[in-house]
Amino acid sequence: MKKLLLTLTVAVVFQNVTAQEITLDKIYSGYYRGKGIAGISSMKNGENYLVIEPSGIAKYSYKTSQKEGNLVDGKFESYIFSDDESKILLQVGSQPIYRHSFLGKFDVKDLKSGKVISLNEGKPVQEPTFSPDATKVAFISDNNLFYQDLSSGKITQITTDGKKNSILNGLADWVYEEEFGHARQYEWTKNSDAIVFVKSDESQVPEIYIPIYGKTLYPTEMRYKYPKAGEKNSVVSAQLYRLDNGKTMQLNLGSFKNYYIPNVFQTAKPDEIVLITSERIQNASDILKVNTKTGAVQKLFTETDDKWVDTDSPTLEFLEDDSFLWASERDGNRHLYWYDKDGKLKKQITKGNWEVTDYYGFNPKSKEIYVQTTEKGSINKVISKVNIDNGKTQLISNAEGNNSANFSKNYNYFIETSSTAAKPYTYVLKDGNGKAVKELQNNNDQLQKLKTDNFVEKEFITIPNAVGDQMNAWIMKPKNFDPNKKYPLFMFQYSGPGSQQVANSWDNGNAMWFNHLVQKGYIVACVDGRGTGYKGAKYKKVTYMNLGKYEIEDQITAAKWFGNQSYIDKSRIGMFGWSFGGYMTSLAMTKGADVFKVGIAVAPVTNWRYYDSVYTERFMRTPQENPDGYDKNSPTEYANLLKGKFLLIHGTADDNVHFQNSMEFSEALIQNKKQFDFMAYPDKNHGIYGGQTRPQLYQKMTDFILNNL
C-alpha cells in the first residue's frame, strides 16, 4: 500500500466566488494550479538538457539556460534515449492499467537519419527498453516478451506462454507492481547479447472479481489475481535468454532465497546481471550475480534485519569498476555502503543521525556521490555531495524545505526543484557546487493568489507520545486566531509504515482544502506518530507484528494533547484519512471513541486479512503466524465502541483496498446497532476521481464536517 497522493486541482467550470477566500469552486477550477517543468533529462555531453513542452522535446543549454530548439517536434507523453543518444523512444499515447503499468503506443526516431518507425507495428506494448547498443527495443505484449530489430524492423518473440491471469514474462503481477514499485521485470545485459527476466506463474493465486456497473443492462466483471495475506503468491523464476542462439534457460536459484524476485539490475560489466531476491518473510534479501554466458549464479551478500528489509525501494548502483553502492538501515538509519565487485564491504560512506532518502549518481572524476538526505532535520530533504574516499560532505541545495535534483551527466550543473510548506515549487539551475545560475521557473503567481485569499501556512511543532518520543506535527490556525477562544480541531493523518505527512514541502493537494476548513473556523493539524518514516529504523519499525496498535495510540495521545491546549475545544475533535489513513480513522472512531467526535474514513483497510500479501506480511507476517496481530488491530473488532458521527467512503471498483473492507466494517457496525453515514462511488478505484467525482466528494466531506463538528 503506497501512500496515496490526493490531488484536488481538477478542472471544472469556475464560478464567481467571494474574494479573500479559498473556496472549493476555486480549488476545482484550477485557479490555484501551479506550474512545473516536465521530463527534465540531461544529455550525454553534460552541456544540454531536455524538457517536454507542448511543441515537442525542447533542448536547452546549461551554460546559457537558453532554448536551442526542439530535438523532436510533436506532442509526447514521455521519452527515453538510447545510451548513445542516436535514437529516442517516444510515447505517443497510453492507457493506464494499475498504479504503474499502462499500455502505450511508441515511435522510435533515429536522430541521425530522421527515420521514424512504430514499435510493434503501432500496436500497444508495455515496458519498452532500448538495448544498450541502441540496435533493438525489448517490450512486452500480452504477457510475452519480444524485441524488435530497429534496422530491419523484424520482431522476435522470446516467450510464447504468456496468458492473462496465468503467466507473465518480464512483467510484474498486481502485487509486485503495487508493493515493489515497478512493472518491468527484465533487463538487458550491458553488451546487449542477453536478457534476464522474471517469469511469474500466478495460475494458483486466488482471483478477485469486481462488478463494473457502467451503463450496461447487466454488470460486467473485472477479474485479476490478488494474493491476500497468507494466501498463495505467484511462483517466480529467473530466466536467461541469449540472442545468439535464441534459447531460454531457467537460472538455478535453489541455493538462495527465491520466493520473491523483486528486482533485476544491469551491472557495469558485460555478461552480468544482478538479482535481488527474498523469502516470503521479508527480513533478508540475497544480492545475486548472474553470469549471462554460463548461467552461473553467485551470491554477493545477504542483507538482513530483525524485522524487515525494505524490498520495495532498494538503492543499488554499479560504478565503472563494478564495485557498487547499497543502501541499508543496519546502523539504525538509512545510509550508503560501498562494496567491491565480489560483494565484500569496503566501507560505510554516509553516517549520522539522519537518512539518505535518494541517490542521484557518482562523479568518477571527483570521487563524489550525490544524495538527498534528512541531515537538516527529518521534515527537510536537502542535497549533498559526498567524497567516497574521505567522507567529506558539502551541502549544495537550500538548507531547508524539500529539495530534489536533476544532474547533468558530467555533474557540472543540476536543476534544483525546491519548495517549503510556505513556498510553492521553484526550479533553479545551479552549478555543481550549488551556486545559483538562473531561476528557470517559479510559482509566485500561485502563491500570490493564495495569499490574496488569506492562505494560512503550517506551523511546525513536536508533540510527546506516551513513551517519550517527540512526534513531528503541523498545525494550521485561522488568520484571526484568538488564543482565548476555543476552536474545533480537525486532524489529518496517513500513518503507514515509512510514510511522512509532516514535511516542510509544498502541498498542492489537501492543503488547499484544509485552508478552506480553517477559514470556516476550524484548526487543522497532522501528527506523524510511530511507524512513520525519516526518523530512523527504530521509530519506523516499532509497529512490527502489531500494525495499527502504536499508530492509533499516538494519534489518540496527540488528540488529547491538543485537547489540553487552551485554544482547543476537546469535545469537538475530528479525524480524516484515506487508505491507511482511513484505517486509522476507523480505529480512532472505535478505540478512540471517547476522544473523537467526528471521523471520515476513505477507502480504509478494516482487516489486514483482506489486504495483499507482500505489503501486509512485510510488517505482520502471515495471519497463520500472527492471528492476534491481525484481529486485535482491526476496527471491526471494536465496532461496538462507535459513538460519534462517522462517514465511511469507498469506490466500488477499488482494485487496491477492496470494497469488501468497507462492507465488512459496515456489517459489524450494523450488527452493533450503530448509525453511520456511507457513500459508495460507482466504478471508482482507490483514487476516487473522474468527471465531477472529486468536487462532489470534497463538498460532501466539507458539509459533513460543518454539520457535525
# chains A, B, ... in the order shown; residues from 1 in each chain; ligands from 1
call {"tool": "closest_atom_pairs", "arguments": {"of": "range 366-433 of chain A", "to": "range 438-452 of chain A", "cutoff": "9 Å", "atoms": "only C-alpha atoms", "output": "JSON lines"}}
result
{"residue": "A:Ile415", "atom": "CA", "partner": "A:Leu440", "partner_atom": "CA", "distance": 8.7}
{"residue": "A:Ala422", "atom": "CA", "partner": "A:Leu447", "partner_atom": "CA", "distance": 8.6}
{"residue": "A:Lys423", "atom": "CA", "partner": "A:Leu447", "partner_atom": "CA", "distance": 7.1}
{"residue": "A:Pro424", "atom": "CA", "partner": "A:Asn443", "partner_atom": "CA", "distance": 5.9}
{"residue": "A:Tyr425", "atom": "CA", "partner": "A:Asn443", "partner_atom": "CA", "distance": 6.2}
{"residue": "A:Thr426", "atom": "CA", "partner": "A:Asn442", "partner_atom": "CA", "distance": 4.3}
{"residue": "A:Tyr427", "atom": "CA", "partner": "A:Gln441", "partner_atom": "CA", "distance": 5.1}
{"residue": "A:Val428", "atom": "CA", "partner": "A:Glu439", "partner_atom": "CA", "distance": 4.2}
{"residue": "A:Leu429", "atom": "CA", "partner": "A:Lys438", "partner_atom": "CA", "distance": 5.2}
{"residue": "A:Lys430", "atom": "CA", "partner": "A:Lys438", "partner_atom": "CA", "distance": 7.0}
call {"tool": "write_last_selection", "arguments": {"atoms": "N, CA, C and O atoms", "output": "short mmCIF file (atom, residue, chain, number, x, y, z; two decimals), in the first residue's frame"}}
result
data_model
loop_
_atom_site.label_atom_id
_atom_site.label_comp_id
_atom_site.auth_asym_id
_atom_site.auth_seq_id
_atom_site.Cartn_x
_atom_site.Cartn_y
_atom_site.Cartn_z
N ILE A 415 19.52 20.96 -11.98
CA ILE A 415 18.30 21.73 -11.84
C ILE A 415 17.67 21.32 -10.51
O ILE A 415 17.32 20.17 -10.31
N ALA A 422 5.56 26.83 2.95
CA ALA A 422 5.06 28.20 2.73
C ALA A 422 5.35 28.72 1.33
O ALA A 422 4.86 29.78 0.96
N LYS A 423 6.13 27.99 0.54
CA LYS A 423 6.53 28.48 -0.79
C LYS A 423 6.42 27.36 -1.81
O LYS A 423 7.07 26.32 -1.67
N PRO A 424 5.62 27.55 -2.86
CA PRO A 424 5.47 26.50 -3.88
C PRO A 424 6.74 26.32 -4.69
O PRO A 424 7.71 27.06 -4.55
N TYR A 425 6.70 25.35 -5.58
CA TYR A 425 7.88 24.88 -6.28
C TYR A 425 8.59 25.96 -7.09
O TYR A 425 7.97 26.72 -7.82
N THR A 426 9.92 25.97 -6.95
CA THR A 426 10.78 26.76 -7.82
C THR A 426 11.76 25.82 -8.50
O THR A 426 12.14 24.78 -7.94
N TYR A 427 12.19 26.21 -9.69
CA TYR A 427 13.15 25.43 -10.47
C TYR A 427 14.34 26.33 -10.74
O TYR A 427 14.22 27.35 -11.43
N VAL A 428 15.49 25.98 -10.17
CA VAL A 428 16.68 26.82 -10.27
C VAL A 428 17.83 26.02 -10.86
O VAL A 428 18.13 24.91 -10.41
N LEU A 429 18.48 26.58 -11.88
CA LEU A 429 19.68 26.00 -12.46
C LEU A 429 20.86 26.37 -11.59
O LEU A 429 21.10 27.56 -11.32
N LYS A 430 21.62 25.38 -11.12
CA LYS A 430 22.78 25.63 -10.26
C LYS A 430 24.01 24.94 -10.84
O LYS A 430 23.90 23.98 -11.61
#
call {"tool": "residues_around", "arguments": {"residues": "range 574-582 of chain A", "least_positions_apart": "5", "cutoff": "7 Å", "atoms": "only C-alpha atoms", "output": "ChimeraX atom specification"}}
result
/A:489-496,596-605,709
call {"tool": "closest_atom_pairs", "arguments": {"of": "range 511-595 of chain A", "to": "range 279-298 of chain A", "cutoff": "12 Å", "atoms": "only C-alpha atoms", "output": "CSV"}}
result
residue,atom,partner,partner_atom,distance
A:Lys541,CA,A:Asn283,CA,11.9
A:Tyr544,CA,A:Asn283,CA,11.4
A:Met545,CA,A:Ile281,CA,12.0
call {"tool": "write_last_selection", "arguments": {"atoms": "N, CA, C and O atoms", "output": "short mmCIF file (atom, residue, chain, number, x, y, z; two decimals), in the first residue's frame"}}
result
data_model
loop_
_atom_site.label_atom_id
_atom_site.label_comp_id
_atom_site.auth_asym_id
_atom_site.auth_seq_id
_atom_site.Cartn_x
_atom_site.Cartn_y
_atom_site.Cartn_z
N LYS A 541 10.03 0.95 12.79
CA LYS A 541 9.78 -0.49 12.84
C LYS A 541 9.23 -0.98 14.18
O LYS A 541 9.03 -2.19 14.35
N TYR A 544 6.16 -3.39 14.16
CA TYR A 544 6.25 -4.73 13.58
C TYR A 544 5.37 -5.73 14.33
O TYR A 544 5.38 -5.79 15.57
N MET A 545 4.61 -6.49 13.58
CA MET A 545 3.69 -7.54 14.08
C MET A 545 2.42 -6.98 14.73
O MET A 545 1.54 -7.73 15.11
#
call {"tool": "closest_residue", "arguments": {"among": "A:Phe562, A:Asn363, A:Met620, A:Ala399", "to": "Ala473 in chain A", "atoms": "only C-alpha atoms"}}
result
A:Phe562
call {"tool": "select_by_dssp", "arguments": {"residues": "range 426-497 of chain A", "states": "strand (DSSP E)", "output": "ChimeraX atom specification"}}
result
/A:426-431,436-441,459-464,470-476,487-492
call {"tool": "residues_around", "arguments": {"residues": "Gln519 in chain A", "least_positions_apart": "5", "cutoff": "8 Å", "atoms": "only C-alpha atoms", "output": "ChimeraX atom specification"}}
result
/A:21-22,478-479
call {"tool": "write_last_selection", "arguments": {"atoms": "N, CA and C atoms", "output": "PDB file, in the first residue's frame"}}
result
ATOM      1  N   GLU A  21     -11.082  34.547  -0.103  1.00  0.00           N
ATOM      2  CA  GLU A  21     -11.454  33.273   0.493  1.00  0.00           C
ATOM      3  C   GLU A  21     -11.058  32.128  -0.427  1.00  0.00           C
ATOM      4  N   ILE A  22     -10.509  31.072   0.169  1.00  0.00           N
ATOM      5  CA  ILE A  22     -10.199  29.860  -0.589  1.00  0.00           C
ATOM      6  C   ILE A  22     -11.443  28.977  -0.567  1.00  0.00           C
ATOM      7  N   PRO A 478      -6.623  29.729  12.142  1.00  0.00           N
ATOM      8  CA  PRO A 478      -7.255  30.819  11.383  1.00  0.00           C
ATOM      9  C   PRO A 478      -6.422  32.101  11.436  1.00  0.00           C
ATOM     10  N   LYS A 479      -6.558  32.936  10.411  1.00  0.00           N
ATOM     11  CA  LYS A 479      -5.815  34.200  10.337  1.00  0.00           C
ATOM     12  C   LYS A 479      -6.089  35.081  11.549  1.00  0.00           C
TER      13      LYS A 479
END
call {"tool": "residues_around", "arguments": {"residues": "Gln675 in chain A", "least_positions_apart": "2", "cutoff": "12 Å", "atoms": "only C-alpha atoms", "output": "ChimeraX atom specification"}}
result
/A:639-648,666-673,677-678
call {"tool": "write_last_selection", "arguments": {"atoms": "C-alpha atoms", "output": "compact mmCIF listing (two decimals), in the first residue's frame"}}
result
# COMPACT_ATOMS: atom_id res chain seq x y z
CA ALA A 639 -17.44 -1.70 16.14
CA ASN A 640 -19.45 -1.79 19.38
CA LEU A 641 -17.46 1.21 20.67
CA LEU A 642 -18.53 3.71 17.98
CA LYS A 643 -20.09 6.84 19.49
CA GLY A 644 -19.55 9.82 17.23
CA LYS A 645 -20.56 10.81 13.72
CA PHE A 646 -18.83 8.57 11.19
CA LEU A 647 -18.70 8.87 7.39
CA LEU A 648 -17.40 5.83 5.51
CA SER A 666 -20.48 -1.74 7.77
CA GLU A 667 -21.91 -5.12 8.72
CA ALA A 668 -20.08 -5.05 12.05
CA LEU A 669 -21.47 -1.57 12.77
CA ILE A 670 -24.98 -2.61 11.71
CA GLN A 671 -24.97 -5.69 13.93
CA ASN A 672 -23.95 -3.46 16.83
CA LYS A 673 -26.89 -1.12 16.05
CA ASP A 677 -23.12 7.53 7.00
CA PHE A 678 -21.88 5.69 3.94
call {"tool": "atom_distance", "arguments": {"atom1": "CA of Tyr98 in chain A", "atom2": "CA of His650 in chain A"}}
result
17.6 Å
call {"tool": "residues_around", "arguments": {"residues": "range 627-638 of chain A", "least_positions_apart": "5", "cutoff": "12 Å", "atoms": "only C-alpha atoms", "output": "compact mmCIF listing (two decimals) with C-alpha atoms, in the first residue's frame"}}
result
# COMPACT_ATOMS: atom_id res chain seq x y z
CA ALA A 229 -2.20 -12.09 3.39
CA GLY A 230 -1.34 -15.73 3.97
CA THR A 543 5.00 -1.34 14.86
CA TYR A 544 6.25 -4.73 13.58
CA MET A 545 3.69 -7.54 14.08
CA ASN A 546 1.15 -5.05 15.50
CA LEU A 547 0.29 -2.76 12.60
CA GLY A 548 -2.14 -0.13 13.84
CA LYS A 549 -1.64 -0.59 17.60
CA TYR A 550 1.01 2.04 18.32
CA GLU A 551 -0.06 4.27 15.45
CA ILE A 552 -3.56 4.78 16.88
CA GLU A 553 -2.21 5.12 20.42
CA GLY A 582 -8.87 5.62 6.60
CA TYR A 583 -7.93 2.53 8.59
CA MET A 584 -6.55 4.81 11.31
CA THR A 585 -9.69 6.95 11.28
CA SER A 586 -11.82 3.82 11.68
CA LEU A 587 -9.74 2.87 14.73
CA ALA A 588 -9.97 6.42 16.07
CA MET A 589 -13.78 6.32 15.95
CA THR A 590 -13.87 2.99 17.79
CA LYS A 591 -10.83 2.53 20.04
CA GLY A 592 -10.66 6.32 20.44
CA ALA A 593 -14.42 6.93 20.61
CA ALA A 601 -12.60 7.22 6.56
CA PRO A 604 -9.93 2.08 4.50
CA VAL A 605 -8.43 -1.29 5.22
CA THR A 606 -10.61 -2.65 8.01
CA ASN A 607 -9.00 -6.06 8.40
CA TRP A 608 -5.41 -6.79 7.30
CA ARG A 609 -6.51 -10.30 6.33
CA TYR A 610 -8.13 -8.64 3.30
CA TYR A 611 -5.04 -6.79 2.13
CA THR A 616 0.91 -6.90 4.91
CA GLU A 617 3.29 -9.77 5.59
CA PHE A 619 5.06 -5.83 8.62
CA MET A 620 2.81 -8.52 10.13
CA ARG A 621 3.97 -11.96 8.95
CA THR A 622 1.06 -14.16 7.86
CA LYS A 643 -20.09 6.84 19.49
CA ASN A 661 -13.27 -3.90 3.63
CA SER A 662 -15.99 -1.27 4.00
CA MET A 663 -18.72 -3.85 3.55
CA GLU A 664 -17.40 -5.95 6.43
CA PHE A 665 -16.98 -2.92 8.68
CA SER A 666 -20.48 -1.74 7.77
CA GLU A 667 -21.91 -5.12 8.72
CA ALA A 668 -20.08 -5.05 12.05
CA LEU A 669 -21.47 -1.57 12.77
CA ILE A 670 -24.98 -2.61 11.71
CA GLN A 671 -24.97 -5.69 13.93
CA ASN A 672 -23.95 -3.46 16.83
CA LYS A 674 -24.54 1.75 15.22
call {"tool": "residues_around", "arguments": {"residues": "Lys458 in chain A", "least_positions_apart": "2", "cutoff": "12 Å", "atoms": "only C-alpha atoms", "output": "ChimeraX atom specification"}}
result
/A:420-423,455-456,460-461,473-479,501-507,511-512,514-515,518,523-526
call {"tool": "write_last_selection", "arguments": {"atoms": "N, CA and C atoms", "output": "mmCIF file, in the first residue's frame"}}
result
data_model
loop_
_atom_site.group_PDB
_atom_site.id
_atom_site.type_symbol
_atom_site.label_atom_id
_atom_site.label_comp_id
_atom_site.auth_asym_id
_atom_site.auth_seq_id
_atom_site.Cartn_x
_atom_site.Cartn_y
_atom_site.Cartn_z
ATOM 1 N N THR A 420 8.917 24.774 0.128
ATOM 2 C CA THR A 420 8.690 24.642 1.562
ATOM 3 C C THR A 420 7.183 24.611 1.770
ATOM 4 N N ALA A 421 6.764 24.440 3.004
ATOM 5 C CA ALA A 421 5.331 24.439 3.282
ATOM 6 C C ALA A 421 4.714 25.797 2.991
ATOM 7 N N ALA A 422 5.556 26.833 2.948
ATOM 8 C CA ALA A 422 5.061 28.196 2.727
ATOM 9 C C ALA A 422 5.350 28.720 1.329
ATOM 10 N N LYS A 423 6.125 27.986 0.538
ATOM 11 C CA LYS A 423 6.526 28.478 -0.785
ATOM 12 C C LYS A 423 6.416 27.355 -1.809
ATOM 13 N N PHE A 455 -4.441 32.657 2.492
ATOM 14 C CA PHE A 455 -3.798 31.359 2.690
ATOM 15 C C PHE A 455 -3.110 31.307 4.056
ATOM 16 N N VAL A 456 -3.285 30.199 4.760
ATOM 17 C CA VAL A 456 -2.692 30.005 6.086
ATOM 18 C C VAL A 456 -1.543 29.015 5.977
ATOM 19 N N PHE A 460 5.077 24.291 12.350
ATOM 20 C CA PHE A 460 5.642 23.006 12.734
ATOM 21 C C PHE A 460 5.951 22.982 14.225
ATOM 22 N N ILE A 461 5.517 21.888 14.866
ATOM 23 C CA ILE A 461 5.743 21.706 16.296
ATOM 24 C C ILE A 461 6.094 20.240 16.542
ATOM 25 N N ALA A 473 4.780 17.331 14.013
ATOM 26 C CA ALA A 473 3.389 17.727 13.770
ATOM 27 C C ALA A 473 3.359 19.087 13.104
ATOM 28 N N TRP A 474 2.252 19.352 12.417
ATOM 29 C CA TRP A 474 1.979 20.718 11.959
ATOM 30 C C TRP A 474 0.567 21.099 12.359
ATOM 31 N N ILE A 475 0.357 22.400 12.450
ATOM 32 C CA ILE A 475 -0.944 22.926 12.840
ATOM 33 C C ILE A 475 -1.251 24.144 11.984
ATOM 34 N N MET A 476 -2.514 24.306 11.595
ATOM 35 C CA MET A 476 -2.970 25.453 10.817
ATOM 36 C C MET A 476 -4.065 26.159 11.606
ATOM 37 N N LYS A 477 -3.844 27.437 11.874
ATOM 38 C CA LYS A 477 -4.787 28.216 12.668
ATOM 39 C C LYS A 477 -5.403 29.318 11.808
ATOM 40 N N PRO A 478 -6.623 29.729 12.142
ATOM 41 C CA PRO A 478 -7.255 30.819 11.383
ATOM 42 C C PRO A 478 -6.422 32.101 11.436
ATOM 43 N N LYS A 479 -6.558 32.936 10.411
ATOM 44 C CA LYS A 479 -5.815 34.200 10.337
ATOM 45 C C LYS A 479 -6.089 35.081 11.549
ATOM 46 N N GLN A 501 3.783 12.680 6.445
ATOM 47 C CA GLN A 501 2.835 13.744 6.123
ATOM 48 C C GLN A 501 3.295 15.084 6.697
ATOM 49 N N VAL A 502 4.111 15.031 7.738
ATOM 50 C CA VAL A 502 4.620 16.261 8.338
ATOM 51 C C VAL A 502 5.973 16.551 7.699
ATOM 52 N N ALA A 503 5.942 17.292 6.605
ATOM 53 C CA ALA A 503 7.145 17.598 5.843
ATOM 54 C C ALA A 503 7.131 19.070 5.459
ATOM 55 N N ASN A 504 8.299 19.663 5.449
ATOM 56 C CA ASN A 504 8.424 21.069 5.072
ATOM 57 C C ASN A 504 8.469 21.175 3.556
ATOM 58 N N SER A 505 7.350 20.843 2.937
ATOM 59 C CA SER A 505 7.249 20.866 1.478
ATOM 60 C C SER A 505 5.872 21.366 1.072
ATOM 61 N N TRP A 506 5.795 21.854 -0.146
ATOM 62 C CA TRP A 506 4.542 22.403 -0.661
ATOM 63 C C TRP A 506 3.556 21.281 -0.931
ATOM 64 N N ASP A 507 2.302 21.540 -0.630
ATOM 65 C CA ASP A 507 1.234 20.561 -0.828
ATOM 66 C C ASP A 507 0.203 21.148 -1.775
ATOM 67 N N ALA A 511 -3.838 20.544 1.226
ATOM 68 C CA ALA A 511 -3.562 21.781 1.970
ATOM 69 C C ALA A 511 -4.555 22.880 1.625
ATOM 70 N N MET A 512 -5.006 22.903 0.386
ATOM 71 C CA MET A 512 -5.960 23.950 -0.004
ATOM 72 C C MET A 512 -7.338 23.687 0.606
ATOM 73 N N PHE A 514 -7.741 22.092 3.407
ATOM 74 C CA PHE A 514 -7.558 22.401 4.824
ATOM 75 C C PHE A 514 -7.658 23.912 5.068
ATOM 76 N N ASN A 515 -7.123 24.701 4.143
ATOM 77 C CA ASN A 515 -7.265 26.154 4.254
ATOM 78 C C ASN A 515 -8.725 26.559 4.207
ATOM 79 N N VAL A 518 -10.074 25.869 7.576
ATOM 80 C CA VAL A 518 -9.567 26.852 8.548
ATOM 81 C C VAL A 518 -10.356 28.150 8.440
ATOM 82 N N ILE A 523 -9.398 24.560 13.400
ATOM 83 C CA ILE A 523 -7.956 24.349 13.415
ATOM 84 C C ILE A 523 -7.708 22.975 12.823
ATOM 85 N N VAL A 524 -6.732 22.883 11.915
ATOM 86 C CA VAL A 524 -6.389 21.612 11.269
ATOM 87 C C VAL A 524 -4.970 21.237 11.685
ATOM 88 N N ALA A 525 -4.760 19.964 11.985
ATOM 89 C CA ALA A 525 -3.444 19.513 12.442
ATOM 90 C C ALA A 525 -3.143 18.123 11.910
ATOM 91 N N CYS A 526 -1.872 17.799 11.906
ATOM 92 C CA CYS A 526 -1.405 16.499 11.439
ATOM 93 C C CYS A 526 -0.222 16.072 12.300
#
call {"tool": "closest_residue", "arguments": {"among": "A:Asp142, A:Phe180, A:Ser200, A:Tyr226", "to": "Leu168 in chain A", "atoms": "only C-alpha atoms"}}
result
A:Ser200
call {"tool": "select_by_dssp", "arguments": {"residues": "range 155-299 of chain A", "states": "helix (DSSP H, G or I)", "output": "PyMOL selection string"}}
result
chain A and resi 174-180
call {"tool": "write_last_selection", "arguments": {"atoms": "N, CA and C atoms", "output": "PDB file, in the first residue's frame"}}
result
ATOM      1  N   TRP A 174       0.073  -8.079 -10.172  1.00  0.00           N
ATOM      2  CA  TRP A 174      -0.532  -6.937  -9.474  1.00  0.00           C
ATOM      3  C   TRP A 174       0.219  -6.602  -8.191  1.00  0.00           C
ATOM      4  N   VAL A 175       0.498  -7.598  -7.368  1.00  0.00           N
ATOM      5  CA  VAL A 175       1.071  -7.317  -6.054  1.00  0.00           C
ATOM      6  C   VAL A 175       2.535  -6.889  -6.170  1.00  0.00           C
ATOM      7  N   TYR A 176       3.279  -7.440  -7.131  1.00  0.00           N
ATOM      8  CA  TYR A 176       4.655  -6.990  -7.338  1.00  0.00           C
ATOM      9  C   TYR A 176       4.669  -5.524  -7.753  1.00  0.00           C
ATOM     10  N   GLU A 177       3.788  -5.205  -8.694  1.00  0.00           N
ATOM     11  CA  GLU A 177       3.738  -3.821  -9.176  1.00  0.00           C
ATOM     12  C   GLU A 177       3.373  -2.853  -8.065  1.00  0.00           C
ATOM     13  N   GLU A 178       2.374  -3.196  -7.278  1.00  0.00           N
ATOM     14  CA  GLU A 178       1.887  -2.310  -6.225  1.00  0.00           C
ATOM     15  C   GLU A 178       2.899  -2.152  -5.103  1.00  0.00           C
ATOM     16  N   GLU A 179       3.515  -3.242  -4.673  1.00  0.00           N
ATOM     17  CA  GLU A 179       4.326  -3.204  -3.461  1.00  0.00           C
ATOM     18  C   GLU A 179       5.832  -3.171  -3.688  1.00  0.00           C
ATOM     19  N   PHE A 180       6.309  -3.619  -4.841  1.00  0.00           N
ATOM     20  CA  PHE A 180       7.728  -3.457  -5.141  1.00  0.00           C
ATOM     21  C   PHE A 180       7.980  -2.238  -6.010  1.00  0.00           C
TER      22      PHE A 180
END
